[in-house]
Number of protein chains: 2
Amino acid sequence: MGKKKLRAMSPTETEILRLVWELNEATVQQIRDQLPSDRSLAYNTVQTLLCRLEQKGYLKHHLKGRAHVFSALVKPREVIKTTVRDFLGRLFGGDPKPLVQFLAEDGKLDEEDIKRLRELIKKKKK
Amino acid sequence: MGKKKLRAMSPTETEILRLVWELNEATVQQIRDQLPSDRSLAYNTVQTLLCRLEQKGYLKHHLKGRAHVFSALVKPREVIKTTVRDFLGRLFGGDPKPLVQFLAEDGKLDEEDIKRLRELIKKKKK
DNA sequence: TTGTGACAACGACAATTGTAGGAGTGAATT
DNA sequence: AATTCACTCCTACAATTGTCGTTGTCACAA
């Protein structure tokens, strides 16, 4: 497997990559429209971010008419893995439990979620 | 409540702040020694980071002999809240479930952890 | 044909970040 | 006293990041 070493992504780049995943493929404009309402970036800014992501190897693009249509070269899974690991390292010294506990206490997880987790883990165990 | 707006922390700064929490209070040298073995920073680098954290309002220090002893001005809780929220926003569009699911699938959480979570949530619910 | 509106290409730029060097100073050591 | 620690202070600096402006080009409308 091509375990290519990707250059690190900046926070904002991450944000953009996620939107590309969400849309599957997208032009600058489409990404821009996909931004959450409380987050506004100039067309050019989005363009720059997409270019940088492409240079770093996270995206590719093809032409459709005159527009660049970007799509991901990396799967969420891979990126999430390293990004989460990294995040966990910095803020929790690598231990995921406090993070999950925080999420629970903060009311972001309910019993339903936990139940699903249980099953997931049980299945995985064998 | 003093909802002071703290300037954003960089990743490495976050890393350092965590060590301060871990040690409760610490000198430059102590922080340096506390770094994980695969992470080495020059004395001066650590010093710079601590200073910046202080300027940004996350730390204070007092003198003990000629050494600066740093300690946190912010509780983990507060920082974690905004940092996690931010992280979730960028990588998961704000939804914590995929994150937790990833952690579970990745084998970072076991049944024991889940059980504790359940109880936590149950207690919290009332 | 002359705008007008979309888009891309290129460049720019201040701020932040990661990383540290070197000078200075007081205390302990030889 | 001279050396050596152990620290702080001040300074630096390249790279990265966040954020665009300007300019050029094409297609379509008036």
# chains A, B, ... in the order shown; residues from 1 in each chain; ligands from 1

$ select_by_dssp --residues "chain A" --states "alpha helix (DSSP H)" --output "ChimeraX atom specification"
/A:11-23,28-34,43-55,76-92,96-105,111-125

$ write_last_selection --atoms "C-alpha atoms" --output "PDB file, in the first residue's frame"
ATOM      1  CA  PRO A  11      -6.679  23.583  10.556  1.00  0.00           C
ATOM      2  CA  THR A  12      -8.406  25.551   7.859  1.00  0.00           C
ATOM      3  CA  GLU A  13      -7.218  23.186   5.200  1.00  0.00           C
ATOM      4  CA  THR A  14      -8.725  20.364   7.186  1.00  0.00           C
ATOM      5  CA  GLU A  15     -11.963  22.222   7.275  1.00  0.00           C
ATOM      6  CA  ILE A  16     -11.951  22.504   3.514  1.00  0.00           C
ATOM      7  CA  LEU A  17     -10.986  18.918   2.888  1.00  0.00           C
ATOM      8  CA  ARG A  18     -13.941  17.820   4.920  1.00  0.00           C
ATOM      9  CA  LEU A  19     -16.239  19.770   2.669  1.00  0.00           C
ATOM     10  CA  VAL A  20     -14.736  18.121  -0.360  1.00  0.00           C
ATOM     11  CA  TRP A  21     -15.495  14.757   1.185  1.00  0.00           C
ATOM     12  CA  GLU A  22     -18.977  15.908   1.922  1.00  0.00           C
ATOM     13  CA  LEU A  23     -19.625  16.931  -1.645  1.00  0.00           C
ATOM     14  CA  VAL A  28     -14.272  26.406  -5.667  1.00  0.00           C
ATOM     15  CA  GLN A  29     -17.666  27.991  -5.698  1.00  0.00           C
ATOM     16  CA  GLN A  30     -19.429  24.903  -4.440  1.00  0.00           C
ATOM     17  CA  ILE A  31     -17.042  24.589  -1.559  1.00  0.00           C
ATOM     18  CA  ARG A  32     -17.589  28.182  -0.782  1.00  0.00           C
ATOM     19  CA  ASP A  33     -21.337  27.692  -0.677  1.00  0.00           C
ATOM     20  CA  GLN A  34     -20.898  24.699   1.551  1.00  0.00           C
ATOM     21  CA  TYR A  43     -13.545  33.008  -3.287  1.00  0.00           C
ATOM     22  CA  ASN A  44      -9.824  33.456  -3.630  1.00  0.00           C
ATOM     23  CA  THR A  45      -9.200  32.196  -0.165  1.00  0.00           C
ATOM     24  CA  VAL A  46     -11.009  28.980  -0.851  1.00  0.00           C
ATOM     25  CA  GLN A  47      -9.138  28.672  -4.093  1.00  0.00           C
ATOM     26  CA  THR A  48      -5.837  29.055  -2.340  1.00  0.00           C
ATOM     27  CA  LEU A  49      -6.729  26.466   0.236  1.00  0.00           C
ATOM     28  CA  LEU A  50      -7.768  23.992  -2.400  1.00  0.00           C
ATOM     29  CA  CYS A  51      -4.563  24.556  -4.305  1.00  0.00           C
ATOM     30  CA  ARG A  52      -2.484  24.046  -1.226  1.00  0.00           C
ATOM     31  CA  LEU A  53      -4.347  20.878  -0.451  1.00  0.00           C
ATOM     32  CA  GLU A  54      -3.638  19.685  -3.930  1.00  0.00           C
ATOM     33  CA  GLN A  55       0.035  20.529  -3.666  1.00  0.00           C
ATOM     34  CA  PRO A  76     -11.457  10.231   5.487  1.00  0.00           C
ATOM     35  CA  ARG A  77     -10.401   7.200   7.436  1.00  0.00           C
ATOM     36  CA  GLU A  78      -6.707   7.722   6.849  1.00  0.00           C
ATOM     37  CA  VAL A  79      -6.742  11.373   7.595  1.00  0.00           C
ATOM     38  CA  ILE A  80      -8.923  10.986  10.626  1.00  0.00           C
ATOM     39  CA  LYS A  81      -6.587   8.407  11.999  1.00  0.00           C
ATOM     40  CA  THR A  82      -3.536  10.587  12.017  1.00  0.00           C
ATOM     41  CA  THR A  83      -5.360  13.759  12.850  1.00  0.00           C
ATOM     42  CA  VAL A  84      -7.147  12.290  15.810  1.00  0.00           C
ATOM     43  CA  ARG A  85      -4.028  10.604  17.030  1.00  0.00           C
ATOM     44  CA  ASP A  86      -2.254  13.872  16.867  1.00  0.00           C
ATOM     45  CA  PHE A  87      -4.991  15.751  18.607  1.00  0.00           C
ATOM     46  CA  LEU A  88      -5.214  13.179  21.321  1.00  0.00           C
ATOM     47  CA  GLY A  89      -1.523  13.359  21.866  1.00  0.00           C
ATOM     48  CA  ARG A  90      -1.468  17.083  22.314  1.00  0.00           C
ATOM     49  CA  LEU A  91      -4.449  17.611  24.482  1.00  0.00           C
ATOM     50  CA  PHE A  92      -4.737  14.348  26.370  1.00  0.00           C
ATOM     51  CA  PRO A  96      -8.834   8.819  24.515  1.00  0.00           C
ATOM     52  CA  LYS A  97     -10.882   8.184  27.628  1.00  0.00           C
ATOM     53  CA  PRO A  98     -10.921  11.714  28.957  1.00  0.00           C
ATOM     54  CA  LEU A  99     -12.005  12.906  25.567  1.00  0.00           C
ATOM     55  CA  VAL A 100     -14.923  10.562  25.365  1.00  0.00           C
ATOM     56  CA  GLN A 101     -15.801  11.284  28.915  1.00  0.00           C
ATOM     57  CA  PHE A 102     -15.819  14.938  28.151  1.00  0.00           C
ATOM     58  CA  LEU A 103     -18.123  14.413  25.212  1.00  0.00           C
ATOM     59  CA  ALA A 104     -20.485  12.437  27.357  1.00  0.00           C
ATOM     60  CA  GLU A 105     -20.530  14.933  30.166  1.00  0.00           C
ATOM     61  CA  GLU A 111     -27.723   6.466  25.658  1.00  0.00           C
ATOM     62  CA  GLU A 112     -28.602   5.586  22.127  1.00  0.00           C
ATOM     63  CA  ASP A 113     -25.095   6.371  21.043  1.00  0.00           C
ATOM     64  CA  ILE A 114     -23.619   4.316  23.790  1.00  0.00           C
ATOM     65  CA  LYS A 115     -25.728   1.354  22.913  1.00  0.00           C
ATOM     66  CA  ARG A 116     -24.519   1.443  19.381  1.00  0.00           C
ATOM     67  CA  LEU A 117     -20.993   1.665  20.623  1.00  0.00           C
ATOM     68  CA  ARG A 118     -21.421  -1.421  22.752  1.00  0.00           C
ATOM     69  CA  GLU A 119     -22.547  -3.413  19.828  1.00  0.00           C
ATOM     70  CA  LEU A 120     -19.789  -2.142  17.683  1.00  0.00           C
ATOM     71  CA  ILE A 121     -17.207  -3.174  20.180  1.00  0.00           C
ATOM     72  CA  LYS A 122     -18.750  -6.529  20.799  1.00  0.00           C
ATOM     73  CA  LYS A 123     -18.767  -7.303  17.142  1.00  0.00           C
ATOM     74  CA  LYS A 124     -15.252  -6.171  16.733  1.00  0.00           C
ATOM     75  CA  LYS A 125     -13.977  -8.239  19.594  1.00  0.00           C
TER      76      LYS A 125
END

$ closest_atom_pairs --of "chain D" --to "chain B" --cutoff "9 Å" --atoms "only C-alpha atoms (C1' of nucleotides)" --output "tab-separated table"
residue	atom	partner	partner_atom	distance
D:DA6	C1'	B:Ala67	CA	8.9
D:DC7	C1'	B:Ala67	CA	6.4
D:DT8	C1'	B:Ala67	CA	8.1

$ write_last_selection --atoms "C-alpha atoms (C1' of nucleotides)" --output "PDB file, in the first residue's frame"
ATOM      1  C1'  DA D   6      21.606  27.153  35.619  1.00  0.00           C
ATOM      2  C1'  DC D   7      18.671  30.439  34.250  1.00  0.00           C
ATOM      3  C1'  DT D   8      16.542  34.487  32.037  1.00  0.00           C
TER       4       DT D   8
END

$ calpha_fit_and_write --fixed "chain B" --moving "chain A" --output "short mmCIF file (atom, residue, chain, number, x, y, z; two decimals) with N, CA and C atoms, in the first residue's frame"
data_model
loop_
_atom_site.label_atom_id
_atom_site.label_comp_id
_atom_site.auth_asym_id
_atom_site.auth_seq_id
_atom_site.Cartn_x
_atom_site.Cartn_y
_atom_site.Cartn_z
N MET A 1 -18.99 35.40 35.95
CA MET A 1 -17.72 34.69 35.67
C MET A 1 -16.90 35.39 34.59
N GLY A 2 -15.64 35.39 34.79
CA GLY A 2 -14.76 36.05 33.84
C GLY A 2 -14.58 35.27 32.56
N LYS A 3 -15.46 35.45 31.67
CA LYS A 3 -15.32 34.73 30.39
C LYS A 3 -14.35 35.47 29.49
N LYS A 4 -13.14 35.54 29.94
CA LYS A 4 -12.13 36.24 29.16
C LYS A 4 -11.86 35.50 27.86
N LYS A 5 -11.77 36.30 26.85
CA LYS A 5 -11.48 35.74 25.53
C LYS A 5 -9.99 35.49 25.41
N LEU A 6 -9.62 34.28 25.38
CA LEU A 6 -8.20 33.96 25.25
C LEU A 6 -7.82 33.86 23.78
N ARG A 7 -6.64 34.35 23.51
CA ARG A 7 -6.16 34.19 22.14
C ARG A 7 -5.91 32.72 21.87
N ALA A 8 -6.10 32.33 20.65
CA ALA A 8 -5.98 30.91 20.30
C ALA A 8 -4.57 30.37 20.59
N MET A 9 -4.55 29.14 20.94
CA MET A 9 -3.29 28.46 21.20
C MET A 9 -2.87 27.68 19.96
N SER A 10 -1.60 27.63 19.73
CA SER A 10 -1.10 26.80 18.64
C SER A 10 -1.01 25.36 19.15
N PRO A 11 -0.92 24.42 18.25
CA PRO A 11 -0.81 23.01 18.65
C PRO A 11 0.31 22.78 19.66
N THR A 12 1.47 23.26 19.37
CA THR A 12 2.57 23.01 20.28
C THR A 12 2.35 23.67 21.63
N GLU A 13 1.77 24.83 21.61
CA GLU A 13 1.47 25.48 22.87
C GLU A 13 0.52 24.62 23.70
N THR A 14 -0.45 24.05 23.02
CA THR A 14 -1.39 23.18 23.70
C THR A 14 -0.66 22.03 24.39
N GLU A 15 0.23 21.49 23.64
CA GLU A 15 1.05 20.39 24.14
C GLU A 15 1.73 20.79 25.46
N ILE A 16 2.28 21.97 25.45
CA ILE A 16 3.01 22.44 26.63
C ILE A 16 2.06 22.72 27.79
N LEU A 17 0.96 23.34 27.49
CA LEU A 17 0.00 23.64 28.55
C LEU A 17 -0.43 22.37 29.26
N ARG A 18 -0.63 21.34 28.49
CA ARG A 18 -1.02 20.07 29.09
C ARG A 18 0.02 19.59 30.10
N LEU A 19 1.26 19.77 29.77
CA LEU A 19 2.31 19.34 30.69
C LEU A 19 2.29 20.18 31.96
N VAL A 20 1.99 21.43 31.81
CA VAL A 20 1.88 22.27 33.00
C VAL A 20 0.76 21.74 33.89
N TRP A 21 -0.35 21.44 33.30
CA TRP A 21 -1.44 20.84 34.08
C TRP A 21 -0.96 19.59 34.79
N GLU A 22 -0.27 18.79 34.05
CA GLU A 22 0.17 17.51 34.56
C GLU A 22 1.06 17.69 35.79
N LEU A 23 1.91 18.67 35.72
CA LEU A 23 2.86 18.89 36.82
C LEU A 23 2.31 19.85 37.87
N ASN A 24 1.19 20.46 37.53
CA ASN A 24 0.59 21.42 38.44
C ASN A 24 1.34 22.75 38.39
N GLU A 25 2.61 22.72 38.65
CA GLU A 25 3.43 23.89 38.36
C GLU A 25 4.82 23.41 38.02
N ALA A 26 5.51 24.19 37.23
CA ALA A 26 6.78 23.68 36.72
C ALA A 26 7.68 24.76 36.16
N THR A 27 8.95 24.51 36.22
CA THR A 27 9.93 25.39 35.59
C THR A 27 10.14 24.95 34.15
N VAL A 28 10.85 25.77 33.43
CA VAL A 28 11.16 25.44 32.05
C VAL A 28 11.79 24.05 31.98
N GLN A 29 12.75 23.85 32.82
CA GLN A 29 13.47 22.58 32.80
C GLN A 29 12.55 21.40 33.08
N GLN A 30 11.70 21.57 34.05
CA GLN A 30 10.80 20.46 34.40
C GLN A 30 9.86 20.13 33.25
N ILE A 31 9.37 21.15 32.60
CA ILE A 31 8.53 20.90 31.43
C ILE A 31 9.33 20.14 30.39
N ARG A 32 10.52 20.59 30.23
CA ARG A 32 11.36 19.97 29.20
C ARG A 32 11.54 18.48 29.50
N ASP A 33 11.77 18.18 30.75
CA ASP A 33 11.96 16.78 31.14
C ASP A 33 10.68 15.96 30.98
N GLN A 34 9.59 16.65 31.05
CA GLN A 34 8.29 15.97 30.98
C GLN A 34 7.88 15.64 29.55
N LEU A 35 8.59 16.19 28.60
CA LEU A 35 8.26 15.91 27.20
C LEU A 35 8.37 14.42 26.93
N PRO A 36 7.47 13.89 26.12
CA PRO A 36 7.59 12.49 25.75
C PRO A 36 8.94 12.25 25.07
N SER A 37 9.40 11.04 25.18
CA SER A 37 10.77 10.74 24.72
C SER A 37 10.96 10.98 23.23
N ASP A 38 9.87 10.86 22.49
CA ASP A 38 10.00 11.04 21.05
C ASP A 38 9.81 12.51 20.64
N ARG A 39 9.87 13.35 21.63
CA ARG A 39 9.59 14.75 21.35
C ARG A 39 10.60 15.61 22.09
N SER A 40 11.56 16.11 21.37
CA SER A 40 12.61 16.84 22.04
C SER A 40 12.63 18.30 21.61
N LEU A 41 12.68 19.19 22.55
CA LEU A 41 12.74 20.61 22.25
C LEU A 41 13.86 21.25 23.04
N ALA A 42 14.51 22.22 22.45
CA ALA A 42 15.57 22.93 23.16
C ALA A 42 14.99 23.68 24.35
N TYR A 43 15.83 23.88 25.32
CA TYR A 43 15.42 24.66 26.48
C TYR A 43 14.76 25.96 26.06
N ASN A 44 15.42 26.67 25.19
CA ASN A 44 14.90 27.96 24.75
C ASN A 44 13.54 27.86 24.09
N THR A 45 13.36 26.79 23.38
CA THR A 45 12.08 26.61 22.71
C THR A 45 10.97 26.49 23.73
N VAL A 46 11.20 25.68 24.71
CA VAL A 46 10.20 25.52 25.76
C VAL A 46 9.94 26.85 26.45
N GLN A 47 11.03 27.55 26.70
CA GLN A 47 10.89 28.85 27.34
C GLN A 47 10.00 29.78 26.51
N THR A 48 10.29 29.83 25.25
CA THR A 48 9.48 30.66 24.36
C THR A 48 8.01 30.28 24.43
N LEU A 49 7.75 29.01 24.35
CA LEU A 49 6.37 28.55 24.37
C LEU A 49 5.68 28.95 25.67
N LEU A 50 6.37 28.78 26.75
CA LEU A 50 5.79 29.15 28.03
C LEU A 50 5.50 30.65 28.09
N CYS A 51 6.44 31.42 27.61
CA CYS A 51 6.23 32.86 27.58
C CYS A 51 5.01 33.22 26.75
N ARG A 52 4.94 32.64 25.59
CA ARG A 52 3.80 32.94 24.72
C ARG A 52 2.50 32.55 25.40
N LEU A 53 2.51 31.43 26.05
CA LEU A 53 1.30 31.00 26.75
C LEU A 53 0.95 32.00 27.85
N GLU A 54 1.97 32.53 28.47
CA GLU A 54 1.69 33.50 29.51
C GLU A 54 1.13 34.79 28.90
N GLN A 55 1.74 35.22 27.82
CA GLN A 55 1.24 36.43 27.16
C GLN A 55 -0.21 36.26 26.72
N LYS A 56 -0.52 35.08 26.33
CA LYS A 56 -1.89 34.85 25.86
C LYS A 56 -2.86 34.66 27.01
N GLY A 57 -2.35 34.61 28.20
CA GLY A 57 -3.24 34.54 29.35
C GLY A 57 -3.55 33.15 29.87
N TYR A 58 -2.81 32.16 29.42
CA TYR A 58 -3.08 30.81 29.88
C TYR A 58 -2.26 30.46 31.12
N LEU A 59 -1.15 31.16 31.28
CA LEU A 59 -0.27 30.84 32.40
C LEU A 59 0.09 32.09 33.18
N LYS A 60 0.57 31.87 34.37
CA LYS A 60 1.25 32.92 35.11
C LYS A 60 2.52 32.29 35.65
N HIS A 61 3.35 33.09 36.27
CA HIS A 61 4.50 32.49 36.92
C HIS A 61 4.89 33.30 38.15
N HIS A 62 5.59 32.65 39.04
CA HIS A 62 6.18 33.38 40.15
C HIS A 62 7.63 32.92 40.24
N LEU A 63 8.38 33.62 41.02
CA LEU A 63 9.79 33.29 41.13
C LEU A 63 10.04 32.39 42.32
N LYS A 64 10.92 31.47 42.10
CA LYS A 64 11.40 30.64 43.21
C LYS A 64 12.90 30.63 43.06
N GLY A 65 13.56 31.37 43.89
CA GLY A 65 14.97 31.61 43.65
C GLY A 65 15.05 32.42 42.37
N ARG A 66 15.84 31.98 41.46
CA ARG A 66 15.93 32.71 40.20
C ARG A 66 15.09 32.06 39.11
N ALA A 67 14.48 30.97 39.46
CA ALA A 67 13.75 30.24 38.44
C ALA A 67 12.29 30.70 38.33
N HIS A 68 11.78 30.67 37.16
CA HIS A 68 10.37 30.95 36.94
C HIS A 68 9.57 29.67 37.10
N VAL A 69 8.59 29.75 37.96
CA VAL A 69 7.73 28.60 38.12
C VAL A 69 6.38 28.94 37.50
N PHE A 70 6.03 28.20 36.47
CA PHE A 70 4.80 28.49 35.75
C PHE A 70 3.65 27.64 36.28
N SER A 71 2.47 28.23 36.24
CA SER A 71 1.28 27.46 36.57
C SER A 71 0.12 27.98 35.76
N ALA A 72 -0.90 27.17 35.64
CA ALA A 72 -2.00 27.47 34.74
C ALA A 72 -2.95 28.51 35.31
N LEU A 73 -3.49 29.31 34.45
CA LEU A 73 -4.54 30.25 34.84
C LEU A 73 -5.89 29.75 34.35
N VAL A 74 -5.87 28.72 33.57
CA VAL A 74 -7.11 28.19 33.01
C VAL A 74 -7.23 26.73 33.40
N LYS A 75 -8.45 26.31 33.58
CA LYS A 75 -8.69 24.92 33.94
C LYS A 75 -8.76 24.08 32.66
N PRO A 76 -8.31 22.86 32.77
CA PRO A 76 -8.37 21.95 31.63
C PRO A 76 -9.76 22.00 31.00
N ARG A 77 -10.72 21.78 31.83
CA ARG A 77 -12.12 21.82 31.40
C ARG A 77 -12.46 22.91 30.37
N GLU A 78 -12.10 24.12 30.71
CA GLU A 78 -12.46 25.23 29.81
C GLU A 78 -11.77 25.11 28.46
N VAL A 79 -10.50 24.82 28.56
CA VAL A 79 -9.72 24.74 27.34
C VAL A 79 -10.17 23.58 26.49
N ILE A 80 -10.38 22.46 27.15
CA ILE A 80 -10.81 21.27 26.43
C ILE A 80 -12.11 21.55 25.70
N LYS A 81 -12.99 22.23 26.38
CA LYS A 81 -14.28 22.52 25.77
C LYS A 81 -14.13 23.21 24.43
N THR A 82 -13.42 24.30 24.43
CA THR A 82 -13.31 25.04 23.17
C THR A 82 -12.45 24.31 22.15
N THR A 83 -11.41 23.69 22.65
CA THR A 83 -10.51 23.01 21.72
C THR A 83 -11.19 21.83 21.04
N VAL A 84 -11.91 21.07 21.83
CA VAL A 84 -12.60 19.92 21.26
C VAL A 84 -13.69 20.38 20.31
N ARG A 85 -14.39 21.40 20.72
CA ARG A 85 -15.46 21.90 19.86
C ARG A 85 -14.89 22.28 18.51
N ASP A 86 -13.82 22.98 18.59
CA ASP A 86 -13.14 23.43 17.39
C ASP A 86 -12.71 22.26 16.51
N PHE A 87 -12.07 21.34 17.14
CA PHE A 87 -11.58 20.16 16.43
C PHE A 87 -12.72 19.40 15.78
N LEU A 88 -13.75 19.23 16.53
CA LEU A 88 -14.92 18.53 16.01
C LEU A 88 -15.51 19.25 14.81
N GLY A 89 -15.54 20.54 14.92
CA GLY A 89 -16.07 21.33 13.82
C GLY A 89 -15.27 21.09 12.54
N ARG A 90 -13.99 21.17 12.66
CA ARG A 90 -13.15 21.08 11.47
C ARG A 90 -13.19 19.72 10.81
N LEU A 91 -13.05 18.71 11.63
CA LEU A 91 -12.86 17.39 11.05
C LEU A 91 -14.14 16.60 10.88
N PHE A 92 -15.15 16.95 11.67
CA PHE A 92 -16.39 16.17 11.61
C PHE A 92 -17.62 17.03 11.46
N GLY A 93 -17.42 18.27 11.13
CA GLY A 93 -18.57 19.13 10.97
C GLY A 93 -19.37 19.26 12.25
N GLY A 94 -18.75 18.97 13.36
CA GLY A 94 -19.40 19.20 14.65
C GLY A 94 -20.05 17.99 15.27
N ASP A 95 -20.15 16.93 14.52
CA ASP A 95 -20.81 15.74 15.05
C ASP A 95 -19.80 14.83 15.77
N PRO A 96 -20.00 14.61 17.04
CA PRO A 96 -19.03 13.82 17.80
C PRO A 96 -19.12 12.32 17.55
N LYS A 97 -20.24 11.86 17.03
CA LYS A 97 -20.42 10.41 16.91
C LYS A 97 -19.35 9.74 16.06
N PRO A 98 -19.07 10.28 14.90
CA PRO A 98 -18.04 9.61 14.09
C PRO A 98 -16.70 9.54 14.80
N LEU A 99 -16.44 10.53 15.59
CA LEU A 99 -15.18 10.53 16.33
C LEU A 99 -15.15 9.38 17.33
N VAL A 100 -16.19 9.29 18.11
CA VAL A 100 -16.23 8.22 19.10
C VAL A 100 -16.23 6.87 18.41
N GLN A 101 -16.97 6.80 17.36
CA GLN A 101 -17.00 5.54 16.62
C GLN A 101 -15.61 5.18 16.13
N PHE A 102 -14.93 6.16 15.65
CA PHE A 102 -13.57 5.89 15.20
C PHE A 102 -12.71 5.36 16.33
N LEU A 103 -12.81 5.99 17.47
CA LEU A 103 -12.01 5.57 18.61
C LEU A 103 -12.32 4.13 18.99
N ALA A 104 -13.59 3.81 18.93
CA ALA A 104 -13.99 2.45 19.27
C ALA A 104 -13.42 1.46 18.26
N GLU A 105 -13.64 1.76 17.01
CA GLU A 105 -13.16 0.84 15.97
C GLU A 105 -11.66 0.70 16.00
N ASP A 106 -11.03 1.77 16.39
CA ASP A 106 -9.59 1.75 16.39
C ASP A 106 -9.05 1.01 17.61
N GLY A 107 -9.98 0.53 18.39
CA GLY A 107 -9.57 -0.28 19.52
C GLY A 107 -9.03 0.50 20.69
N LYS A 108 -9.38 1.75 20.74
CA LYS A 108 -8.88 2.56 21.84
C LYS A 108 -9.84 2.52 23.02
N LEU A 109 -11.01 2.01 22.77
CA LEU A 109 -12.00 1.93 23.85
C LEU A 109 -12.41 0.47 24.01
N ASP A 110 -12.56 0.03 25.23
CA ASP A 110 -13.02 -1.33 25.43
C ASP A 110 -14.36 -1.33 26.16
N GLU A 111 -14.85 -2.52 26.44
CA GLU A 111 -16.19 -2.62 27.05
C GLU A 111 -16.24 -1.94 28.41
N GLU A 112 -15.15 -2.07 29.11
CA GLU A 112 -15.06 -1.42 30.41
C GLU A 112 -15.36 0.07 30.28
N ASP A 113 -14.72 0.67 29.33
CA ASP A 113 -14.89 2.10 29.12
C ASP A 113 -16.35 2.44 28.82
N ILE A 114 -16.93 1.61 28.00
CA ILE A 114 -18.30 1.87 27.61
C ILE A 114 -19.22 1.79 28.81
N LYS A 115 -18.96 0.79 29.62
CA LYS A 115 -19.80 0.62 30.80
C LYS A 115 -19.75 1.88 31.67
N ARG A 116 -18.57 2.36 31.85
CA ARG A 116 -18.44 3.56 32.67
C ARG A 116 -19.19 4.73 32.05
N LEU A 117 -19.12 4.77 30.75
CA LEU A 117 -19.83 5.84 30.04
C LEU A 117 -21.32 5.77 30.30
N ARG A 118 -21.85 4.56 30.18
CA ARG A 118 -23.28 4.36 30.41
C ARG A 118 -23.70 4.95 31.73
N GLU A 119 -22.94 4.57 32.73
CA GLU A 119 -23.30 5.04 34.06
C GLU A 119 -23.24 6.55 34.16
N LEU A 120 -22.19 7.06 33.57
CA LEU A 120 -22.03 8.50 33.60
C LEU A 120 -23.23 9.21 33.00
N ILE A 121 -23.65 8.69 31.90
CA ILE A 121 -24.77 9.32 31.20
C ILE A 121 -26.07 9.16 31.98
N LYS A 122 -26.23 7.97 32.53
CA LYS A 122 -27.44 7.74 33.29
C LYS A 122 -27.52 8.72 34.46
N LYS A 123 -26.42 8.83 35.13
CA LYS A 123 -26.41 9.73 36.29
C LYS A 123 -26.73 11.15 35.87
N LYS A 124 -26.13 11.51 34.79
CA LYS A 124 -26.27 12.88 34.33
C LYS A 124 -27.69 13.21 33.92
N LYS A 125 -28.38 12.19 33.45
CA LYS A 125 -29.68 12.42 32.84
C LYS A 125 -30.69 13.02 33.83
N LYS A 126 -30.65 12.56 35.04
CA LYS A 126 -31.63 13.08 35.97
C LYS A 126 -31.24 14.47 36.48
#

$ interface_residues --of "chain C" --to "chain B" --cutoff "12 Å" --atoms "only C-alpha atoms (C1' of nucleotides)" --output "list in words"
DT16, DT17, DG18, DT19, DA20, DG21, DG22, DT25, DG26 and DA27 of chain C

$ write_last_selection --atoms "C-alpha atoms (C1' of nucleotides)" --output "PDB file, in the first residue's frame"
ATOM      1  C1'  DT C  16       1.749  33.224  13.726  1.00  0.00           C
ATOM      2  C1'  DT C  17       4.506  29.217  14.602  1.00  0.00           C
ATOM      3  C1'  DG C  18       8.339  26.303  15.468  1.00  0.00           C
ATOM      4  C1'  DT C  19      12.740  26.439  16.675  1.00  0.00           C
ATOM      5  C1'  DA C  20      16.579  28.232  18.579  1.00  0.00           C
ATOM      6  C1'  DG C  21      21.260  31.224  19.286  1.00  0.00           C
ATOM      7  C1'  DG C  22      23.838  34.241  22.130  1.00  0.00           C
ATOM      8  C1'  DT C  25      23.988  37.371  35.575  1.00  0.00           C
ATOM      9  C1'  DG C  26      24.229  35.330  39.985  1.00  0.00           C
ATOM     10  C1'  DA C  27      25.636  31.182  42.535  1.00  0.00           C
TER      11       DA C  27
END

$ atom_distance --atom1 "atom C1' of DG3 of chain C" --atom2 "atom C1' of DA27 of chain D"
12.2 Å

$ atom_distance --atom1 "atom C1' of DT17 of chain D" --atom2 "atom C1' of DC7 of chain C"
24.0 Å

$ select_by_dssp --residues "chain A" --states "strand (DSSP E)" --output "PyMOL selection string"
chain A and resi 25-26+59-64+67-72

$ write_last_selection --atoms "N, CA and C atoms" --output "short mmCIF file (atom, residue, chain, number, x, y, z; two decimals), in the first residue's frame"
data_model
loop_
_atom_site.label_atom_id
_atom_site.label_comp_id
_atom_site.auth_asym_id
_atom_site.auth_seq_id
_atom_site.Cartn_x
_atom_site.Cartn_y
_atom_site.Cartn_z
N GLU A 25 -17.20 15.68 -4.90
CA GLU A 25 -16.31 16.51 -5.72
C GLU A 25 -16.95 17.88 -5.85
N ALA A 26 -16.12 18.88 -6.04
CA ALA A 26 -16.68 20.22 -5.98
C ALA A 26 -15.76 21.26 -6.59
N LEU A 59 -5.62 16.37 -2.60
CA LEU A 59 -6.66 16.52 -3.61
C LEU A 59 -6.08 16.38 -5.00
N LYS A 60 -6.95 16.14 -5.94
CA LYS A 60 -6.61 16.30 -7.34
C LYS A 60 -7.75 17.09 -7.97
N HIS A 61 -7.60 17.44 -9.21
CA HIS A 61 -8.74 18.07 -9.87
C HIS A 61 -8.73 17.73 -11.35
N HIS A 62 -9.89 17.85 -11.95
CA HIS A 62 -9.96 17.73 -13.39
C HIS A 62 -10.80 18.91 -13.88
N LEU A 63 -10.78 19.11 -15.15
CA LEU A 63 -11.51 20.25 -15.69
C LEU A 63 -12.90 19.83 -16.15
N LYS A 64 -13.81 20.70 -15.90
CA LYS A 64 -15.16 20.52 -16.45
C LYS A 64 -15.53 21.86 -17.03
N ALA A 67 -14.02 25.12 -15.41
CA ALA A 67 -13.95 25.07 -13.96
C ALA A 67 -13.09 23.90 -13.46
N HIS A 68 -12.43 24.10 -12.38
CA HIS A 68 -11.69 23.02 -11.74
C HIS A 68 -12.62 22.29 -10.79
N VAL A 69 -12.67 21.00 -10.99
CA VAL A 69 -13.47 20.20 -10.07
C VAL A 69 -12.52 19.39 -9.21
N PHE A 70 -12.55 19.66 -7.93
CA PHE A 70 -11.63 19.01 -7.01
C PHE A 70 -12.26 17.77 -6.39
N SER A 71 -11.41 16.79 -6.15
CA SER A 71 -11.88 15.62 -5.41
C SER A 71 -10.73 15.07 -4.59
N ALA A 72 -11.07 14.29 -3.60
CA ALA A 72 -10.08 13.85 -2.62
C ALA A 72 -9.21 12.72 -3.16
#
